[in-house]
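Below is one structure; the comments refer to it alone.
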Amino acid sequence: MSTLATTAAPYDAEREARARRLRGKVWSGFLYGLMTIFLVNVFLMIASVGLNSIAKVWRGTWLPDGWTTSWYFDAWKEFQLGDVLWVTFEVVGAVVLLSVLLGVPAAYALARREFFGKRWLIFLFLLPLMVPSITYGIPLATVMYQVHLAGTIWGVIFANVIPAMPFVILVMTPFIEQIDPNLESAARVFGARTPQMFLHVLTPLLAPGILAAALLVLVRTIAMFELTFLTAGSDSQTLVVALYYAVFAAGVRAPQSVDAMAMVYMAVTLVWLLVALQFVNPTQLVSRVKEHPQPA
Amino acid sequence: MSSDFKELRLDNVTRRFAHADGRTMAALDGLTLTIPRGEFVALLGPSGCGKSTALNCIAGLLPLSDGAIWLDDTRLDTRPPEARGFGMVFQNYALFPHMTVRRNIAFGLKMRGVSAAEQAARVEAAVKLVQLQGHEDKLPGQLSGGQQQRVAIARAIVVEPPLVLMDEPLSNLDAKLRLEMRAEIRRIHRNLGRSTIYVTHDQDEALSLADRIVVMKDGSVRQVAPPADVYAQPADLDVARFMGYRNELAGTLHDATGVVRTGSLTFNGTSKGKLATGAPVRIALRPDDLVVGDGPNAFAATVDGIEYGGRESLVDVVTADGARLHVRTPVAVRIGESVRVSVPPTRTLIYAA
Amino acid sequence: MTPTGHAGADRTPWLVAPAALFMLLFFVYPFLYGLWLSFAPKEGGMLANYAKFFSDTRLWPTIFTTLKLALPATLINVGIALPIAYRMRIKTKRQKWITTALVVPITLGTVLVAEGMLTYFGPRGWLAQVLQFLHLYDGPIRLTHNFWGVLISLVISGFPFAFLLLLSYVTGIDPVLGRAAATLGAGPWAQFRNVYLPLLIPGIAMCFCLAFVQAYSVFPSAVLLGAPAGPTRVISIAAYEAAFEQYDYSLASAIAMMMGLVQLVIVAAVLGIRRLVYRGPVTGGKG
């Protein structure tokens, strides 16, 4: 084989290494530059909402002329934020509870057993995550108006469970798959009946996964606009829908008061986001991801 | 990359990394080694000893903190991995899952701009060398572990690198296949006539494959020697332990010629390294070197356990001082039996404690 | 796993029943009902709604208005996210900070982004001030209440989504494959081109589909930031108006079905292209 040996061109190691480092630096500087521009603009945008909400007047200057907290009191009264926050709390709580109660057992069955029609069921559960909410939200709202569910808080809750529960299934199925089934067999061998097995073995093992799934659903449901918008009545609005109406009708109200409401919404979301990030990886908000160990 | 090289020199190759608490640790501390063309070198040591770090430094996957790597008069350590021209076999094979066996093997040739016709000819030769004829168009996922291993080797050697690096390539195979592949690797190495650096934690593998063994521990080299020397004359106590000297007795050096007192027993042995009279020492004894029966350095002991092993059994004996020793012997004994055990002075190795 | 004998049939699969029942009731049934409703118009024959959709100039052009927004937005988002995600494939502190920062615009949602943009990108916002202060652009700055406002909002909420999704795919590829390619002579570009890119194709296709579907159903920002009467009258606005302003649920369902159909066509096309390229495992052989 040695007769076929390839001969590399003469190689100026130093020069090539320098050129390579330079190219790498330029490219990576470009990418980080793009990322920085994006993040800086997003955070300035958020900052300008925040500043505006405590500004007396702010018209075309760098900073507002004078500060006040009165917009928050105005917004609280004007938009009935107390009621809206309570409805949001009820809706989000119920959605999290329902989607965990329905989703976790389903994920367990899907993770542990093979049965007829399983592939179709998985497809069914994935569909609401692939089809945008407006597409199925309009027929859903139509049906809900006919059965007088639309406009009620239960209508809003059921509508929001549709994308939330499949998300729980999506997060929990791989989580359950990685739990050794031998642990359940062992519990049975040592005499645990099914309820005992669930209580003493499965629940503690599943708890971290359920917590993660619940927090992810919580954060996503607070921000879920379309389905709530299509199914809510005037007394079943969540915060995000109330904010939409406030922005939509911005002409009749002071923009500062709308921004004050936006800050309240942001505070609610970010608090839960911070809690969630203690337990989940940021990428899990958009997909299920396993942690991949870096090789040594 | 020219295949006509004389030697590869590692000169004080060092890799340090910063610890979380700010200290720097040397994962590899000053590896200096000259590997002539055609030699098979094994880096041997327990996990975390720095042998994989050494291999990754040589391959260019980790930058050096210090030192240099030379192929004859060409300095290689400043180059990125793709410009070093070595071949590497990874522990989990790292076959490209989306390429057929043929394309996997041809990858290095393609990167070097080899013509399609020559690629085909060389891939065919490499496939033949690793005996994978008929599997060329399969994907890695369709192959068994042993076959994947062969593809990984073919992919590394088809570019005819001056040096092939192997990172525990047999650790994922079952015992029988491991023995088969061991012979294969040796055959392929001889066939190519280039150098191989082989990382392993398995002493049998290192002893059977290598021309020279580099024993490492805690990032530093403890001994560089041919297999027979590493086996029979470990340079220090750590190497001895790693090479299967399972029996140790603490004592004092009574006489610089190699007389050690340990409890009520006296051994004539061979000093490894300069030891002063009266110094605390440890005697290292391999179970295979202990003999049941009278002879030099004989002492009385009681049989306490027997692990039957076919032609030979592993017998635990307890001396009058209560020291427990492992003896490999063809002599049939019974538990509780009093026996005499002896060991030749040349196989009684004395190390500083 | 299935127990046999007199213990009876394995009842575990039934755990999926409540969830499945819920989906049938609240997802499948409304969808089928909507489909049927779209063929039962208020007046006219079975296809009257669809005939109306394709003849009314307030309706059929919305497909293309939406495509004109959604396709560029998706291409920008995926196109920029891919090199950045690839660059950040190695886990570092920086990667952690950036991913955390990027979660914020996603969780805040489109409505808040729209409100923020009205303030920040508006004619008197900070961005306009900075541009004029630096004399980079002296004309009037119109980035809200038009096409560009909606496009920017689609990038602000869509880019982090595409980035995080792609990052999860990139980090799912065993980095040892890239190293193996390097030892075989592949430089950084060749490693990406020959090893990472082919293995990423399924992920890129999936990311493109999900990002597109999101952008195509753009609703609140098209209303709040765009010109909902004209250049950004997207298809969801048309559907919403039909349902909640004209109370023609039948027509609204027909528009929703058309919307689903267009998405389906694009998604099918992307997945079809992907299937032509490669589909398979992404790790290095058997571990």
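Residues are named by chain letter and number: chains run A, B, ... in the order of the structure tokens, numbers start at 1 in each chain, and ligands are numbered from 1 in the order shown.
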
List the neighbours of region 171-185 of chain C out to 7 Å using only C-alpha atoms; skip same-chain residues closer than 3 positions along the sequence, and give me the result as a PDB file with all heavy atoms, in the first residue's frame.
ATOM      1  N   HIS A 292     -26.830  16.015  27.317  1.00  0.00           N
ATOM      2  CA  HIS A 292     -25.800  15.174  26.736  1.00  0.00           C
ATOM      3  C   HIS A 292     -24.492  15.419  27.458  1.00  0.00           C
ATOM      4  O   HIS A 292     -23.982  16.521  27.437  1.00  0.00           O
ATOM      5  CB  HIS A 292     -25.636  15.474  25.259  1.00  0.00           C
ATOM      6  CG  HIS A 292     -26.826  15.046  24.473  1.00  0.00           C
ATOM      7  ND1 HIS A 292     -26.980  13.773  24.020  1.00  0.00           N
ATOM      8  CD2 HIS A 292     -27.939  15.710  24.119  1.00  0.00           C
ATOM      9  CE1 HIS A 292     -28.140  13.681  23.388  1.00  0.00           C
ATOM     10  NE2 HIS A 292     -28.733  14.837  23.431  1.00  0.00           N
TER      11      HIS A 292
ATOM     12  N   ALA B  59      -2.954  13.952  19.098  1.00  0.00           N
ATOM     13  CA  ALA B  59      -3.855  14.074  17.942  1.00  0.00           C
ATOM     14  C   ALA B  59      -4.167  15.521  17.615  1.00  0.00           C
ATOM     15  O   ALA B  59      -4.586  15.822  16.504  1.00  0.00           O
ATOM     16  CB  ALA B  59      -5.160  13.330  18.231  1.00  0.00           C
ATOM     17  N   LEU B  61      -6.356  17.293  19.495  1.00  0.00           N
ATOM     18  CA  LEU B  61      -7.704  17.594  19.961  1.00  0.00           C
ATOM     19  C   LEU B  61      -7.668  18.407  21.249  1.00  0.00           C
ATOM     20  O   LEU B  61      -8.652  19.018  21.635  1.00  0.00           O
ATOM     21  CB  LEU B  61      -8.490  16.298  20.170  1.00  0.00           C
ATOM     22  CG  LEU B  61      -8.652  15.465  18.899  1.00  0.00           C
ATOM     23  CD1 LEU B  61      -9.252  14.111  19.206  1.00  0.00           C
ATOM     24  CD2 LEU B  61      -9.504  16.206  17.886  1.00  0.00           C
ATOM     25  N   PRO B  81      -5.602  19.591  14.366  1.00  0.00           N
ATOM     26  CA  PRO B  81      -5.620  18.136  14.163  1.00  0.00           C
ATOM     27  C   PRO B  81      -5.679  17.740  12.693  1.00  0.00           C
ATOM     28  O   PRO B  81      -5.036  16.762  12.292  1.00  0.00           O
ATOM     29  CB  PRO B  81      -6.866  17.677  14.913  1.00  0.00           C
ATOM     30  CG  PRO B  81      -7.621  18.910  15.259  1.00  0.00           C
ATOM     31  CD  PRO B  81      -6.638  20.021  15.285  1.00  0.00           C
ATOM     32  N   GLU B  82      -6.422  18.521  11.890  1.00  0.00           N
ATOM     33  CA  GLU B  82      -6.609  18.092  10.497  1.00  0.00           C
ATOM     34  C   GLU B  82      -5.335  18.234   9.676  1.00  0.00           C
ATOM     35  O   GLU B  82      -5.244  17.701   8.575  1.00  0.00           O
ATOM     36  CB  GLU B  82      -7.759  18.875   9.842  1.00  0.00           C
ATOM     37  CG  GLU B  82      -7.566  20.369   9.763  1.00  0.00           C
ATOM     38  CD  GLU B  82      -8.195  21.092  10.950  1.00  0.00           C
ATOM     39  OE1 GLU B  82      -8.355  20.465  12.008  1.00  0.00           O
ATOM     40  OE2 GLU B  82      -8.506  22.287  10.804  1.00  0.00           O
ATOM     41  N   ALA B  83      -4.327  18.958  10.218  1.00  0.00           N
ATOM     42  CA  ALA B  83      -3.101  19.146   9.446  1.00  0.00           C
ATOM     43  C   ALA B  83      -1.963  18.292   9.986  1.00  0.00           C
ATOM     44  O   ALA B  83      -0.810  18.465   9.593  1.00  0.00           O
ATOM     45  CB  ALA B  83      -2.705  20.621   9.441  1.00  0.00           C
ATOM     46  N   GLY B  85      -2.098  14.794  10.083  1.00  0.00           N
ATOM     47  CA  GLY B  85      -1.996  13.602   9.244  1.00  0.00           C
ATOM     48  C   GLY B  85      -1.896  12.299   9.998  1.00  0.00           C
ATOM     49  O   GLY B  85      -1.402  11.315   9.469  1.00  0.00           O
ATOM     50  N   PHE B  86      -2.345  12.267  11.243  1.00  0.00           N
ATOM     51  CA  PHE B  86      -2.355  11.004  11.986  1.00  0.00           C
ATOM     52  C   PHE B  86      -3.679  10.293  11.751  1.00  0.00           C
ATOM     53  O   PHE B  86      -4.651  10.886  11.306  1.00  0.00           O
ATOM     54  CB  PHE B  86      -2.216  11.259  13.491  1.00  0.00           C
ATOM     55  CG  PHE B  86      -0.911  11.882  13.883  1.00  0.00           C
ATOM     56  CD1 PHE B  86      -0.817  12.634  15.040  1.00  0.00           C
ATOM     57  CD2 PHE B  86       0.224  11.714  13.100  1.00  0.00           C
ATOM     58  CE1 PHE B  86       0.387  13.216  15.407  1.00  0.00           C
ATOM     59  CE2 PHE B  86       1.428  12.286  13.464  1.00  0.00           C
ATOM     60  CZ  PHE B  86       1.500  13.047  14.625  1.00  0.00           C
ATOM     61  N   GLY B  87      -3.704   9.029  12.087  1.00  0.00           N
ATOM     62  CA  GLY B  87      -4.971   8.306  12.060  1.00  0.00           C
ATOM     63  C   GLY B  87      -5.372   8.031  13.492  1.00  0.00           C
ATOM     64  O   GLY B  87      -4.515   7.823  14.348  1.00  0.00           O
ATOM     65  N   MET B  88      -6.683   8.054  13.762  1.00  0.00           N
ATOM     66  CA  MET B  88      -7.095   7.811  15.147  1.00  0.00           C
ATOM     67  C   MET B  88      -8.300   6.889  15.185  1.00  0.00           C
ATOM     68  O   MET B  88      -9.218   7.021  14.394  1.00  0.00           O
ATOM     69  CB  MET B  88      -7.426   9.146  15.833  1.00  0.00           C
ATOM     70  CG  MET B  88      -7.802   8.998  17.293  1.00  0.00           C
ATOM     71  SD  MET B  88      -7.428  10.509  18.217  1.00  0.00           S
ATOM     72  CE  MET B  88      -8.092  10.097  19.826  1.00  0.00           C
ATOM     73  N   ALA B  94     -16.746   6.358  16.785  1.00  0.00           N
ATOM     74  CA  ALA B  94     -17.044   7.647  16.138  1.00  0.00           C
ATOM     75  C   ALA B  94     -17.168   7.494  14.636  1.00  0.00           C
ATOM     76  O   ALA B  94     -16.655   8.288  13.872  1.00  0.00           O
ATOM     77  CB  ALA B  94     -15.975   8.696  16.485  1.00  0.00           C
ATOM     78  N   LEU B  95     -17.875   6.441  14.194  1.00  0.00           N
ATOM     79  CA  LEU B  95     -18.146   6.301  12.755  1.00  0.00           C
ATOM     80  C   LEU B  95     -19.233   7.302  12.379  1.00  0.00           C
ATOM     81  O   LEU B  95     -20.133   7.566  13.177  1.00  0.00           O
ATOM     82  CB  LEU B  95     -18.627   4.885  12.444  1.00  0.00           C
ATOM     83  CG  LEU B  95     -17.625   3.782  12.759  1.00  0.00           C
ATOM     84  CD1 LEU B  95     -18.233   2.435  12.405  1.00  0.00           C
ATOM     85  CD2 LEU B  95     -16.329   3.996  11.997  1.00  0.00           C
ATOM     86  N   PHE B  96     -19.145   7.877  11.183  1.00  0.00           N
ATOM     87  CA  PHE B  96     -20.167   8.816  10.749  1.00  0.00           C
ATOM     88  C   PHE B  96     -21.431   8.029  10.431  1.00  0.00           C
ATOM     89  O   PHE B  96     -21.440   7.222   9.500  1.00  0.00           O
ATOM     90  CB  PHE B  96     -19.690   9.594   9.529  1.00  0.00           C
ATOM     91  CG  PHE B  96     -18.363  10.275   9.768  1.00  0.00           C
ATOM     92  CD1 PHE B  96     -17.285  10.047   8.939  1.00  0.00           C
ATOM     93  CD2 PHE B  96     -18.205  11.125  10.858  1.00  0.00           C
ATOM     94  CE1 PHE B  96     -16.062  10.663   9.181  1.00  0.00           C
ATOM     95  CE2 PHE B  96     -16.983  11.734  11.101  1.00  0.00           C
ATOM     96  CZ  PHE B  96     -15.920  11.506  10.266  1.00  0.00           C
ATOM     97  N   GLY B 108     -11.112  10.313   4.868  1.00  0.00           N
ATOM     98  CA  GLY B 108      -9.799  10.955   4.982  1.00  0.00           C
ATOM     99  C   GLY B 108      -9.159  11.187   3.627  1.00  0.00           C
ATOM    100  O   GLY B 108      -8.498  12.202   3.400  1.00  0.00           O
ATOM    101  N   MET B 111     -10.812  14.158   2.012  1.00  0.00           N
ATOM    102  CA  MET B 111     -10.335  15.405   2.601  1.00  0.00           C
ATOM    103  C   MET B 111      -8.955  15.779   2.062  1.00  0.00           C
ATOM    104  O   MET B 111      -8.573  16.927   2.029  1.00  0.00           O
ATOM    105  CB  MET B 111     -10.255  15.280   4.127  1.00  0.00           C
ATOM    106  CG  MET B 111     -11.591  15.228   4.806  1.00  0.00           C
ATOM    107  SD  MET B 111     -12.556  16.712   4.515  1.00  0.00           S
ATOM    108  CE  MET B 111     -13.968  16.074   3.662  1.00  0.00           C
ATOM    109  N   ARG B 112      -8.185  14.765   1.651  1.00  0.00           N
ATOM    110  CA  ARG B 112      -6.854  15.019   1.126  1.00  0.00           C
ATOM    111  C   ARG B 112      -6.885  15.249  -0.384  1.00  0.00           C
ATOM    112  O   ARG B 112      -5.824  15.367  -1.003  1.00  0.00           O
ATOM    113  CB  ARG B 112      -5.929  13.849   1.461  1.00  0.00           C
ATOM    114  CG  ARG B 112      -5.492  13.832   2.905  1.00  0.00           C
ATOM    115  CD  ARG B 112      -4.957  12.468   3.291  1.00  0.00           C
ATOM    116  NE  ARG B 112      -4.359  12.478   4.607  1.00  0.00           N
ATOM    117  CZ  ARG B 112      -5.041  12.539   5.745  1.00  0.00           C
ATOM    118  NH1 ARG B 112      -6.364  12.622   5.711  1.00  0.00           N
ATOM    119  NH2 ARG B 112      -4.428  12.528   6.912  1.00  0.00           N
TER     120      ARG B 112
ATOM    121  N   ARG C  89     -22.102  25.236  20.148  1.00  0.00           N
ATOM    122  CA  ARG C  89     -22.463  23.863  20.475  1.00  0.00           C
ATOM    123  C   ARG C  89     -21.733  23.355  21.708  1.00  0.00           C
ATOM    124  O   ARG C  89     -22.171  22.412  22.342  1.00  0.00           O
ATOM    125  CB  ARG C  89     -22.198  22.942  19.289  1.00  0.00           C
ATOM    126  CG  ARG C  89     -20.735  22.797  18.919  1.00  0.00           C
ATOM    127  CD  ARG C  89     -20.617  22.096  17.583  1.00  0.00           C
ATOM    128  NE  ARG C  89     -19.239  21.882  17.193  1.00  0.00           N
ATOM    129  CZ  ARG C  89     -18.467  22.823  16.655  1.00  0.00           C
ATOM    130  NH1 ARG C  89     -18.950  24.033  16.476  1.00  0.00           N
ATOM    131  NH2 ARG C  89     -17.223  22.560  16.331  1.00  0.00           N
ATOM    132  N   LEU C 167     -30.241  24.549  18.761  1.00  0.00           N
ATOM    133  CA  LEU C 167     -29.176  24.260  19.727  1.00  0.00           C
ATOM    134  C   LEU C 167     -29.369  22.873  20.319  1.00  0.00           C
ATOM    135  O   LEU C 167     -28.411  22.121  20.503  1.00  0.00           O
ATOM    136  CB  LEU C 167     -29.178  25.311  20.838  1.00  0.00           C
ATOM    137  CG  LEU C 167     -28.010  25.208  21.821  1.00  0.00           C
ATOM    138  CD1 LEU C 167     -26.700  25.534  21.122  1.00  0.00           C
ATOM    139  CD2 LEU C 167     -28.214  26.132  23.006  1.00  0.00           C
ATOM    140  N   SER C 168     -30.627  22.515  20.581  1.00  0.00           N
ATOM    141  CA  SER C 168     -30.860  21.194  21.159  1.00  0.00           C
ATOM    142  C   SER C 168     -30.527  20.104  20.150  1.00  0.00           C
ATOM    143  O   SER C 168     -30.061  19.033  20.524  1.00  0.00           O
ATOM    144  CB  SER C 168     -32.292  21.063  21.656  1.00  0.00           C
ATOM    145  OG  SER C 168     -33.182  20.923  20.575  1.00  0.00           O
ATOM    146  N   GLN C 191     -15.664  19.919   8.380  1.00  0.00           N
ATOM    147  CA  GLN C 191     -16.348  19.193   9.452  1.00  0.00           C
ATOM    148  C   GLN C 191     -17.833  19.530   9.446  1.00  0.00           C
ATOM    149  O   GLN C 191     -18.689  18.658   9.587  1.00  0.00           O
ATOM    150  CB  GLN C 191     -15.769  19.573  10.814  1.00  0.00           C
ATOM    151  CG  GLN C 191     -14.411  18.985  11.096  1.00  0.00           C
ATOM    152  CD  GLN C 191     -13.799  19.596  12.347  1.00  0.00           C
ATOM    153  OE1 GLN C 191     -14.486  19.855  13.325  1.00  0.00           O
ATOM    154  NE2 GLN C 191     -12.507  19.840  12.304  1.00  0.00           N
ATOM    155  N   VAL C 195     -20.031  16.431   8.157  1.00  0.00           N
ATOM    156  CA  VAL C 195     -20.479  15.649   9.302  1.00  0.00           C
ATOM    157  C   VAL C 195     -21.709  16.282   9.956  1.00  0.00           C
ATOM    158  O   VAL C 195     -22.766  15.674  10.027  1.00  0.00           O
ATOM    159  CB  VAL C 195     -19.348  15.488  10.336  1.00  0.00           C
ATOM    160  CG1 VAL C 195     -19.852  14.703  11.529  1.00  0.00           C
ATOM    161  CG2 VAL C 195     -18.166  14.789   9.700  1.00  0.00           C
ATOM    162  N   VAL C 282     -28.087   9.842  14.846  1.00  0.00           N
ATOM    163  CA  VAL C 282     -27.167  10.965  14.927  1.00  0.00           C
ATOM    164  C   VAL C 282     -26.036  10.721  15.929  1.00  0.00           C
ATOM    165  O   VAL C 282     -25.318  11.619  16.277  1.00  0.00           O
ATOM    166  CB  VAL C 282     -27.882  12.272  15.320  1.00  0.00           C
ATOM    167  CG1 VAL C 282     -28.746  12.745  14.185  1.00  0.00           C
ATOM    168  CG2 VAL C 282     -28.682  12.109  16.585  1.00  0.00           C
ATOM    169  N   THR C 283     -25.882   9.488  16.387  1.00  0.00           N
ATOM    170  CA  THR C 283     -24.763   9.244  17.295  1.00  0.00           C
ATOM    171  C   THR C 283     -23.758   8.341  16.625  1.00  0.00           C
ATOM    172  O   THR C 283     -24.038   7.755  15.585  1.00  0.00           O
ATOM    173  CB  THR C 283     -25.232   8.585  18.599  1.00  0.00           C
ATOM    174  OG1 THR C 283     -26.114   7.534  18.247  1.00  0.00           O
ATOM    175  CG2 THR C 283     -25.897   9.584  19.495  1.00  0.00           C
ATOM    176  N   GLY C 284     -22.581   8.249  17.189  1.00  0.00           N
ATOM    177  CA  GLY C 284     -21.492   7.522  16.551  1.00  0.00           C
ATOM    178  C   GLY C 284     -21.559   6.036  16.820  1.00  0.00           C
ATOM    179  O   GLY C 284     -20.905   5.525  17.698  1.00  0.00           O
TER     180      GLY C 284
END

Run DSSP on the backbone and grab whatever in region 14-195 of chain A lands in helix (DSSP H, G or I); send it over as a PyMOL selection string.
-> chain A and resi 14-53+70-78+81-112+118-130+133-146+153-177+181-189+194-195

Select all residues from chain B having any atom no more than 10 Å from an atom of chain A (counting only C-alpha atoms, ignoring ligands), output as a PyMOL selection string.
-> chain B and resi 1-4+52-53+74-80+83+85+109+112-114+118+121-122+125-126+158-161+191-193

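When only C-alpha atoms are used to measure the gap to Val143 (chain A), the shortest distance among C:Ile84, C:Trp189, C:Ala269, C:Phe31 belongs to C:Phe31.
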
Determine which residues of chain A sit within 7 Å of chain C, taking into account only C-alpha atoms, and present them as JSON, numbers by chain.
-> {"A": [31, 45, 46, 48, 49, 59, 60, 62, 102, 103, 105, 106, 109, 113, 115, 130, 132, 134, 135, 136, 138, 139, 140, 142, 143, 162, 219, 220, 223, 244, 247, 248, 262, 266, 269, 282, 283, 286, 287, 289, 292]}

Next, write the just-selected residues to a file, as a short mmCIF file (atom, residue, chain, number, x, y, z; two decimals), in the first residue's frame, keeping C-alpha atoms as the atom set.
data_model
loop_
_atom_site.label_atom_id
_atom_site.label_comp_id
_atom_site.auth_asym_id
_atom_site.auth_seq_id
_atom_site.Cartn_x
_atom_site.Cartn_y
_atom_site.Cartn_z
CA LEU A 31 -21.94 35.88 15.00
CA MET A 45 -37.25 47.54 24.22
CA ILE A 46 -38.25 46.06 27.55
CA SER A 48 -38.36 51.52 27.37
CA VAL A 49 -41.66 49.93 28.36
CA ARG A 59 -42.18 62.55 24.05
CA GLY A 60 -39.19 62.22 21.78
CA TRP A 62 -33.84 60.43 25.69
CA LEU A 102 -54.36 13.65 32.18
CA GLY A 103 -50.88 13.75 30.70
CA PRO A 105 -50.75 8.59 33.19
CA ALA A 106 -50.92 8.79 29.39
CA ALA A 109 -48.74 4.08 29.28
CA ARG A 113 -46.36 -0.48 26.90
CA PHE A 115 -50.44 -1.52 22.26
CA MET A 130 -47.70 21.30 15.17
CA PRO A 132 -51.10 26.60 15.09
CA ILE A 134 -55.61 29.85 15.46
CA THR A 135 -56.33 27.06 12.98
CA TYR A 136 -58.03 24.78 15.47
CA ILE A 138 -61.65 28.98 15.46
CA PRO A 139 -63.58 25.71 14.99
CA LEU A 140 -63.11 25.05 18.72
CA THR A 142 -67.46 27.77 17.25
CA VAL A 143 -68.31 24.51 18.99
CA ILE A 162 -55.34 21.19 24.40
CA VAL A 219 -44.98 29.59 31.78
CA ARG A 220 -46.40 28.70 28.39
CA ALA A 223 -48.25 33.62 27.57
CA TYR A 244 -54.04 42.83 24.08
CA VAL A 247 -52.95 47.87 23.49
CA PHE A 248 -55.67 47.48 20.85
CA ALA A 262 -47.43 45.40 30.43
CA MET A 266 -43.97 40.92 32.49
CA THR A 269 -44.19 35.93 33.65
CA PRO A 282 -33.94 26.85 28.66
CA THR A 283 -34.08 24.69 25.55
CA VAL A 286 -39.27 24.75 22.96
CA SER A 287 -38.42 21.07 22.75
CA VAL A 289 -33.96 17.61 25.24
CA HIS A 292 -25.80 15.17 26.74
#

Selection: 10 Å around Trp148 (chain C), only C-alpha atoms, excl. self and same-chain fewer than 3 positions, as a ChimeraX atom specification | /C:69,142-145,151-154,225-226,232

CA of Arg103 (chain B) to CA of Val123 (chain B) measures 8.8 Å

Check the smallest atom-to-atom distance from each of B:Ser65, B:Ser47, B:Gln133, B:Gln142 to chain C using only C-alpha atoms, then report the winner.
->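 So, comparing all the options, the nearest one is B:Gln142.
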
Which one of C:Ala238, C:Gln246, C:Pro72, C:Val265 sits closest to Trp60 (chain C) if you count only C-alpha atoms?
-> C:Ala238

Please provide as a PyMOL selection string all residues within 9 Å of Gly251 (chain B), with the sequence filter that same-chain residues fewer than 6 positions apart are discarded (counting only C-alpha atoms).
-> chain B and resi 260-263+279-283+353

Atom-to-atom span, CA of Thr57 (chain C) and CA of Ala70 (chain C), Å = 20.1 Å

Residue nearest chain B - candidates C:Ala205, C:Val270, C:Ala48, C:Ala190, atoms counted: only C-alpha atoms |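 Among the listed residues, C:Ala190 lies closest to chain B.
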
Extract, using only C-alpha atoms, all DNA, RNA and protein residues at most 12 Å from Arg253 (chain A), discarding same-chain residues fewer than 4 positions from it, and format them as a ChimeraX atom specification.
-> /A:71,74-75,78-79,245-249,257-261

Write out the residues from the selection above, keeping N, CA, C and O atoms, as a tab-separated table (two decimals), in the first residue's frame.
chain	number	residue	atom	x	y	z
A	71	TRP	N	-49.41	55.66	37.25
A	71	TRP	CA	-49.97	54.87	36.16
A	71	TRP	C	-50.33	53.48	36.62
A	71	TRP	O	-51.26	52.87	36.11
A	74	ASP	N	-53.63	53.75	38.22
A	74	ASP	CA	-54.62	53.93	37.16
A	74	ASP	C	-54.90	52.60	36.48
A	74	ASP	O	-56.06	52.21	36.29
A	75	ALA	N	-53.83	51.92	36.09
A	75	ALA	CA	-53.99	50.66	35.35
A	75	ALA	C	-54.74	49.65	36.20
A	75	ALA	O	-55.61	48.93	35.72
A	78	GLU	N	-58.36	50.88	36.14
A	78	GLU	CA	-58.93	50.96	34.80
A	78	GLU	C	-59.14	49.58	34.19
A	78	GLU	O	-60.15	49.30	33.57
A	79	PHE	N	-58.13	48.72	34.33
A	79	PHE	CA	-58.21	47.41	33.69
A	79	PHE	C	-58.67	46.33	34.66
A	79	PHE	O	-58.60	45.15	34.33
A	245	TYR	N	-56.23	43.76	24.64
A	245	TYR	CA	-57.30	44.72	24.47
A	245	TYR	C	-56.84	46.11	24.85
A	245	TYR	O	-57.23	47.10	24.22
A	246	ALA	N	-56.00	46.19	25.87
A	246	ALA	CA	-55.50	47.50	26.29
A	246	ALA	C	-54.67	48.14	25.19
A	246	ALA	O	-54.81	49.32	24.88
A	247	VAL	N	-53.77	47.33	24.57
A	247	VAL	CA	-52.95	47.87	23.49
A	247	VAL	C	-53.82	48.20	22.28
A	247	VAL	O	-53.66	49.22	21.63
A	248	PHE	N	-54.79	47.32	22.01
A	248	PHE	CA	-55.67	47.48	20.85
A	248	PHE	C	-56.43	48.79	20.94
A	248	PHE	O	-56.59	49.51	19.96
A	249	ALA	N	-56.88	49.10	22.16
A	249	ALA	CA	-57.66	50.32	22.35
A	249	ALA	C	-56.78	51.43	22.90
A	249	ALA	O	-57.24	52.29	23.64
A	257	SER	N	-50.24	54.05	30.95
A	257	SER	CA	-51.06	53.13	31.73
A	257	SER	C	-51.04	51.73	31.09
A	257	SER	O	-51.01	50.72	31.79
A	258	VAL	N	-51.02	51.70	29.75
A	258	VAL	CA	-50.90	50.40	29.07
A	258	VAL	C	-49.54	49.77	29.40
A	258	VAL	O	-49.45	48.57	29.67
A	259	ASP	N	-48.49	50.60	29.39
A	259	ASP	CA	-47.17	50.07	29.70
A	259	ASP	C	-47.07	49.59	31.15
A	259	ASP	O	-46.37	48.62	31.45
A	260	ALA	N	-47.79	50.28	32.05
A	260	ALA	CA	-47.81	49.82	33.44
A	260	ALA	C	-48.40	48.42	33.51
A	260	ALA	O	-47.88	47.53	34.19
A	261	MET	N	-49.46	48.20	32.74
A	261	MET	CA	-50.06	46.89	32.72
A	261	MET	C	-49.10	45.86	32.10
A	261	MET	O	-48.98	44.73	32.58

Every residue of region 35-202 of chain A that DSSP places in strand (DSSP E), as number ranges by chain | A: 55-57, 65-67

What gap, in Å, lies between CA of Ile179 (chain A) and CA of Val201 (chain A)?
-> 10.8 Å
